[in-house]
file start.tsv (TSV, C-alpha atoms)
chain	number	residue	atom	x	y	z
A	1	MET	CA	13.20	-7.12	-0.33
A	2	PRO	CA	14.21	-3.44	-0.14
A	3	GLU	CA	12.48	-1.24	2.36
A	4	LEU	CA	9.43	0.88	1.73
A	5	ARG	CA	9.93	4.51	2.74
A	6	ILE	CA	7.21	7.15	2.70
A	7	ASP	CA	7.32	10.59	4.23
A	8	ARG	CA	5.03	13.57	4.60
A	9	HIS	CA	5.24	17.04	6.05
A	10	PHE	CA	2.59	17.97	8.61
A	11	ASP	CA	1.84	21.47	9.88
A	12	ALA	CA	1.92	20.37	13.48
A	13	PRO	CA	4.80	20.13	15.97
A	14	PRO	CA	6.45	16.74	16.56
A	15	GLU	CA	4.94	16.36	20.03
A	16	ARG	CA	1.43	16.64	18.60
A	17	VAL	CA	2.10	14.28	15.71
A	18	PHE	CA	3.66	11.87	18.21
A	19	THR	CA	0.37	11.56	20.11
A	20	PHE	CA	-1.40	10.59	16.89
A	21	VAL	CA	1.13	7.86	16.13
A	22	THR	CA	1.29	6.37	19.62
A	23	GLU	CA	-2.08	6.79	21.33
A	24	GLU	CA	-4.99	4.53	20.42
A	25	SER	CA	-7.50	7.27	19.60
A	26	GLY	CA	-4.92	8.94	17.35
A	27	LEU	CA	-3.95	5.74	15.58
A	28	LEU	CA	-7.59	4.81	14.95
A	29	ALA	CA	-8.07	8.16	13.22
A	30	TRP	CA	-5.66	7.18	10.42
A	31	TRP	CA	-4.80	3.50	10.49
A	32	VAL	CA	-8.17	2.19	9.41
A	33	PRO	CA	-8.50	2.26	5.59
A	34	GLU	CA	-11.41	4.07	3.94
A	35	GLY	CA	-14.68	2.21	4.12
A	36	MET	CA	-13.41	-0.24	6.73
A	37	THR	CA	-13.91	-0.59	10.45
A	38	ALA	CA	-11.64	-1.66	13.28
A	39	ARG	CA	-12.66	-4.23	15.88
A	40	ASP	CA	-11.09	-4.95	19.25
A	41	PRO	CA	-8.28	-2.41	18.89
A	42	ARG	CA	-5.40	-2.70	21.33
A	43	LEU	CA	-3.16	0.05	20.09
A	44	ASP	CA	-0.86	1.48	22.70
A	45	PHE	CA	2.38	2.51	21.07
A	46	THR	CA	3.43	4.67	24.00
A	47	ARG	CA	5.28	1.73	25.53
A	48	PRO	CA	6.96	-1.49	24.32
A	49	GLY	CA	4.56	-4.42	24.27
A	50	PRO	CA	1.98	-6.25	22.15
A	51	TRP	CA	-0.57	-4.54	19.94
A	52	SER	CA	-3.39	-5.80	17.73
A	53	MET	CA	-6.43	-4.81	15.73
A	54	ILE	CA	-8.95	-6.52	13.43
A	55	VAL	CA	-9.98	-4.69	10.28
A	56	THR	CA	-13.11	-5.58	8.31
A	57	GLY	CA	-14.78	-4.16	5.27
A	58	PRO	CA	-17.70	-4.87	2.97
A	59	GLY	CA	-17.15	-8.00	0.91
A	60	MET	CA	-14.01	-9.02	2.76
A	61	GLY	CA	-13.29	-11.14	5.81
A	62	ASP	CA	-11.32	-10.11	8.87
A	63	THR	CA	-7.76	-8.92	8.43
A	64	THR	CA	-5.80	-9.24	11.64
A	65	MET	CA	-2.96	-6.83	12.28
A	66	ARG	CA	-0.72	-7.35	15.27
A	67	GLY	CA	2.79	-7.23	16.56
A	68	GLU	CA	5.07	-5.89	19.25
A	69	VAL	CA	6.14	-2.33	19.89
A	70	THR	CA	9.88	-2.76	20.35
A	71	ASP	CA	11.15	0.78	20.91
A	72	VAL	CA	9.67	4.15	21.79
A	73	ASP	CA	11.71	7.39	21.87
A	74	PRO	CA	9.38	10.34	22.41
A	75	PRO	CA	8.82	12.39	20.36
A	76	HIS	CA	11.36	11.08	17.83
A	77	SER	CA	10.58	7.50	16.87
A	78	VAL	CA	8.59	4.34	17.37
A	79	GLU	CA	9.56	0.90	16.16
A	80	LEU	CA	7.26	-2.11	15.97
A	81	THR	CA	6.81	-5.46	14.34
A	82	PHE	CA	3.86	-5.66	11.99
A	83	VAL	CA	2.15	-8.95	11.17
A	84	VAL	CA	-0.80	-9.05	8.80
A	85	ALA	CA	-2.98	-12.12	8.36
A	86	TYR	CA	-5.68	-12.04	5.69
A	87	ALA	CA	-8.99	-13.86	6.05
A	88	GLY	CA	-8.30	-15.99	3.00
A	89	GLY	CA	-5.49	-17.78	4.79
A	90	GLY	CA	-1.94	-18.10	3.70
A	91	ALA	CA	1.16	-17.30	5.70
A	92	PRO	CA	0.97	-14.01	7.64
A	93	MET	CA	3.14	-11.26	6.21
A	94	GLU	CA	5.68	-10.00	8.72
A	95	SER	CA	7.67	-6.81	8.59
A	96	ILE	CA	9.22	-4.14	10.76
A	97	VAL	CA	7.76	-0.64	10.81
A	98	ARG	CA	9.49	2.45	12.08
A	99	PHE	CA	7.98	5.90	12.54
A	100	GLU	CA	10.44	8.79	12.51
A	101	LEU	CA	9.55	12.36	13.45
A	102	GLU	CA	11.81	15.32	12.77
A	103	PRO	CA	11.16	19.04	13.25
A	104	ASP	CA	10.60	20.60	9.83
A	105	GLY	CA	10.27	24.36	10.13
A	106	THR	CA	7.32	24.86	12.44
A	107	GLY	CA	5.94	21.46	11.52
A	108	THR	CA	7.06	17.86	11.37
A	109	ARG	CA	8.56	15.59	8.75
A	110	PHE	CA	7.02	12.21	9.45
A	111	THR	CA	8.63	9.18	7.85
A	112	ILE	CA	7.37	5.61	7.75
A	113	VAL	CA	9.97	2.94	7.03
A	114	GLN	CA	8.75	-0.60	6.48
A	115	SER	CA	11.43	-3.23	6.12
A	116	GLY	CA	12.03	-6.93	6.29
A	117	ILE	CA	9.02	-7.66	4.11
A	118	SER	CA	9.16	-11.26	3.02
A	119	GLU	CA	7.67	-11.64	-0.39
A	120	GLU	CA	6.43	-15.05	-1.40
A	121	MET	CA	6.03	-15.28	-5.12
A	122	VAL	CA	3.44	-17.93	-5.94
A	123	VAL	CA	4.41	-19.54	-9.22
A	124	MET	CA	2.34	-21.99	-11.20
A	125	GLY	CA	3.80	-23.40	-14.35
A	126	MET	CA	6.75	-21.06	-14.67
A	127	LYS	CA	7.56	-20.37	-18.27
A	128	ARG	CA	10.81	-19.32	-19.81
A	129	GLY	CA	11.28	-15.58	-19.38
A	130	TRP	CA	8.95	-15.30	-16.41
A	131	PRO	CA	11.74	-14.91	-13.83
A	132	THR	CA	12.91	-11.83	-15.74
A	133	THR	CA	9.40	-10.40	-15.67
A	134	LEU	CA	9.18	-10.96	-11.93
A	135	ASP	CA	12.53	-9.25	-11.48
A	136	ARG	CA	11.27	-6.18	-13.32
A	137	LEU	CA	8.12	-6.16	-11.23
A	138	GLY	CA	10.16	-6.46	-8.08
A	139	ARG	CA	12.34	-3.52	-9.13
A	140	ALA	CA	9.28	-1.44	-9.94
A	141	LEU	CA	7.89	-2.17	-6.50
A	142	ALA	CA	11.17	-1.30	-4.85
A	143	ALA	CA	11.44	1.95	-6.78
A	144	GLY	CA	7.86	2.86	-5.93
B	1	MET	CA	-17.50	-7.36	-11.54
B	2	ILE	CA	-14.53	-9.46	-10.67
B	3	LYS	CA	-14.41	-9.86	-6.91
B	4	SER	CA	-11.86	-12.59	-6.42
B	5	ALA	CA	-8.19	-12.91	-7.17
B	6	PRO	CA	-7.44	-13.60	-10.85
B	7	PRO	CA	-6.45	-17.11	-11.91
B	8	LEU	CA	-2.68	-17.17	-11.74
B	9	PRO	CA	-1.91	-18.39	-15.28
B	10	GLU	CA	-4.10	-15.59	-16.73
B	11	ALA	CA	-2.45	-13.02	-14.45
B	12	PHE	CA	1.03	-14.13	-15.45
B	13	ALA	CA	0.08	-14.26	-19.14
B	14	ALA	CA	-1.35	-10.74	-18.92
B	15	LEU	CA	1.86	-9.44	-17.37
B	16	GLY	CA	4.12	-11.36	-19.72
B	17	HIS	CA	4.11	-8.65	-22.39
B	18	PRO	CA	6.43	-5.63	-22.32
B	19	VAL	CA	3.70	-3.03	-22.95
B	20	ARG	CA	1.37	-4.49	-20.34
B	21	LEU	CA	4.20	-4.82	-17.84
B	22	ALA	CA	5.12	-1.17	-18.48
B	23	ILE	CA	1.51	-0.18	-17.80
B	24	VAL	CA	1.41	-2.12	-14.53
B	25	GLU	CA	4.83	-0.81	-13.44
B	26	ARG	CA	3.63	2.78	-13.94
B	27	LEU	CA	0.40	2.10	-12.04
B	28	LEU	CA	2.30	0.44	-9.18
B	29	ARG	CA	4.72	3.31	-8.87
B	30	LYS	CA	2.36	6.26	-9.03
B	31	GLY	CA	-1.18	4.91	-8.68
B	32	GLU	CA	-4.21	5.49	-10.87
B	33	ALA	CA	-3.60	6.96	-14.33
B	34	SER	CA	-5.60	7.88	-17.39
B	35	ALA	CA	-5.48	6.01	-20.69
B	36	GLY	CA	-3.64	8.99	-22.18
B	37	GLU	CA	-0.97	9.06	-19.48
B	38	LEU	CA	-0.41	5.33	-19.91
B	39	ALA	CA	-0.21	5.63	-23.70
B	40	ALA	CA	2.59	8.16	-23.24
B	41	VAL	CA	4.46	5.78	-20.93
B	42	ALA	CA	4.10	2.85	-23.30
B	43	ASP	CA	4.56	4.97	-26.43
B	44	LYS	CA	1.75	3.19	-28.26
B	45	SER	CA	-1.34	4.29	-30.18
B	46	ALA	CA	-4.78	4.45	-28.60
B	47	PRO	CA	-6.12	1.34	-30.38
B	48	ALA	CA	-3.04	-0.67	-29.36
B	49	MET	CA	-3.50	0.49	-25.78
B	50	SER	CA	-7.20	-0.50	-25.80
B	51	HIS	CA	-6.17	-4.02	-26.66
B	52	HIS	CA	-3.76	-4.16	-23.71
B	53	PHE	CA	-6.20	-2.54	-21.28
B	54	ARG	CA	-8.80	-5.15	-22.20
B	55	ILE	CA	-6.41	-8.02	-21.53
B	56	LEU	CA	-5.37	-6.52	-18.18
B	57	ARG	CA	-9.00	-5.98	-17.18
B	58	GLU	CA	-10.09	-9.48	-18.20
B	59	ALA	CA	-7.20	-10.93	-16.21
B	60	GLY	CA	-8.35	-8.95	-13.19
B	61	ILE	CA	-5.07	-7.04	-12.90
B	62	VAL	CA	-6.56	-3.57	-13.40
B	63	VAL	CA	-9.93	-1.88	-12.99
B	64	GLN	CA	-11.24	0.95	-15.11
B	65	ARG	CA	-13.43	3.85	-14.11
B	66	VAL	CA	-14.70	6.77	-16.11
B	67	ASP	CA	-14.26	10.31	-14.82
B	68	ARG	CA	-15.90	12.84	-17.13
B	69	GLN	CA	-14.19	12.23	-20.49
B	70	ARG	CA	-11.27	10.19	-19.15
B	71	ARG	CA	-10.83	6.50	-18.61
B	72	LEU	CA	-8.78	5.88	-15.49
B	73	TYR	CA	-6.97	2.68	-14.65
B	74	ALA	CA	-5.72	1.31	-11.35
B	75	VAL	CA	-4.16	-1.93	-10.23
B	76	ARG	CA	-6.37	-4.24	-8.15
B	77	PRO	CA	-4.80	-4.99	-4.77
B	78	GLU	CA	-6.20	-8.55	-4.85
B	79	ALA	CA	-4.31	-9.23	-8.05
B	80	MET	CA	-1.08	-7.94	-6.56
B	81	ARG	CA	-1.55	-10.09	-3.45
B	82	ALA	CA	-2.29	-13.14	-5.56
B	83	ILE	CA	0.96	-12.81	-7.47
B	84	GLY	CA	2.89	-11.96	-4.34
B	85	ALA	CA	3.33	-8.24	-4.90
B	86	TRP	CA	2.80	-7.28	-1.28
B	87	SER	CA	4.60	-3.94	-1.39
B	88	LEU	CA	1.82	-2.37	-3.41
B	89	THR	CA	-0.84	-3.10	-0.83
B	90	TYR	CA	1.38	-1.79	1.94
B	91	ARG	CA	2.16	1.40	0.01
B	92	GLN	CA	-1.55	2.04	-0.52
B	93	PHE	CA	-2.17	1.35	3.18
B	94	TRP	CA	0.42	3.89	4.32
B	95	GLU	CA	-0.32	6.58	1.70
B	96	GLY	CA	-4.02	6.45	2.55
B	97	GLY	CA	-3.14	6.53	6.24
B	98	LEU	CA	-0.99	9.63	5.84
B	99	ASP	CA	-3.86	11.40	4.05
B	100	ARG	CA	-6.13	10.59	6.99
B	101	LEU	CA	-3.47	11.61	9.52
B	102	ASP	CA	-3.13	14.97	7.78
B	103	ALA	CA	-6.88	15.45	7.97
B	104	ALA	CA	-7.00	14.43	11.63
B	105	LEU	CA	-4.16	16.81	12.57
B	106	THR	CA	-5.87	19.65	10.75
B	107	LYS	CA	-9.36	18.95	12.06
B	108	ARG	CA	-8.41	18.90	15.73
B	109	LYS	CA	-6.28	22.01	15.64
B	110	HIS	CA	-9.03	24.37	16.84
call {"tool": "encode", "arguments": {"input": "start.tsv", "output": "structure tokens"}}
result
Amino acid sequence: MPELRIDRHFDAPPERVFTFVTEESGLLAWWVPEGMTARDPRLDFTRPGPWSMIVTGPGMGDTTMRGEVTDVDPPHSVELTFVVAYAGGGAPMESIVRFELEPDGTGTRFTIVQSGISEEMVVMGMKRGWPTTLDRLGRALAAG
Amino acid sequence: MIKSAPPLPEAFAALGHPVRLAIVERLLRKGEASAGELAAVADKSAPAMSHHFRILREAGIVVQRVDRQRRLYAVRPEAMRAIGAWSLTYRQFWEGGLDRLDAALTKRKH
């Protein structure tokens, strides 16, 4: 599965952005999706080691996010494993996430790279032509 | 309102049409879009598009909302998870996160 790459320019220097992507209070300010709350956060990305958080929202069960911070290079990059387990069960989705920070004028270009995503396609009663459709969907996802 | 993941055969049947797949591909790539924007992508008339939107809604693949005069469509994350399209939910997670990070960086400047 190709990697997911998203980047954004921020009008703040890399050192400041770095605190928001490594310290717990900073991470909680942007990692929790709209309308949801975080429980039992253990988010210290300033050093290699385990991390975890439980996210809940109205009408949904607990989603557990956890992993290991594997590399920290202030204020340039952070690398971590990222495991998501949904309340409904099913195999947890594992991937690798990398944050990259580069000076960009007076601000920062912040890039998120998520790779190694294993995609399990659940197929019931595969019909002729369906594999092609899935391929197109996969390419659309990769291009997105 | 559909709250659960769509039945898989219905989801696959809904996607197994070139116009509907084109609609979903566009929504996956760039997010919510109006009926007009999607008609331009699919190069079909409004009545033909209504037919496809209805099938996608009934299969639980997309949701519709009305904003002033426009009908806006978006893919349902539950549907994408059910058919194994994990990348979409991750993209939405990160894009939303970056919006909030921008706001947090701006808010605490002063």
call {"tool": "atom_distance", "arguments": {"input": "start.tsv", "atom1": "atom CA of B:Gln64", "atom2": "atom CA of B:Gly97"}}
result
23.5 Å
call {"tool": "residues_around", "arguments": {"input": "start.tsv", "residues": "A:Val72", "least_positions_apart": "3", "cutoff": "8 Å", "atoms": "all atoms listed in the file", "output": "MDAnalysis selection string"}}
result
chainID A and resid 45:48 69 77:79
call {"tool": "closest_residue", "arguments": {"input": "start.tsv", "among": "B:Ile23, B:Ala11, B:Leu38, B:Ala104", "to": "B:Arg70", "atoms": "only C-alpha atoms"}}
result
B:Leu38
call {"tool": "atom_distance", "arguments": {"input": "start.tsv", "atom1": "atom CA of A:Thr81", "atom2": "atom CA of A:Asp62"}}
result
19.5 Å
call {"tool": "residues_around", "arguments": {"input": "start.tsv", "residues": "A:Gly57", "least_positions_apart": "6", "cutoff": "12 Å", "atoms": "only C-alpha atoms", "output": "ChimeraX atom specification"}}
result
/A:32-39,63,87
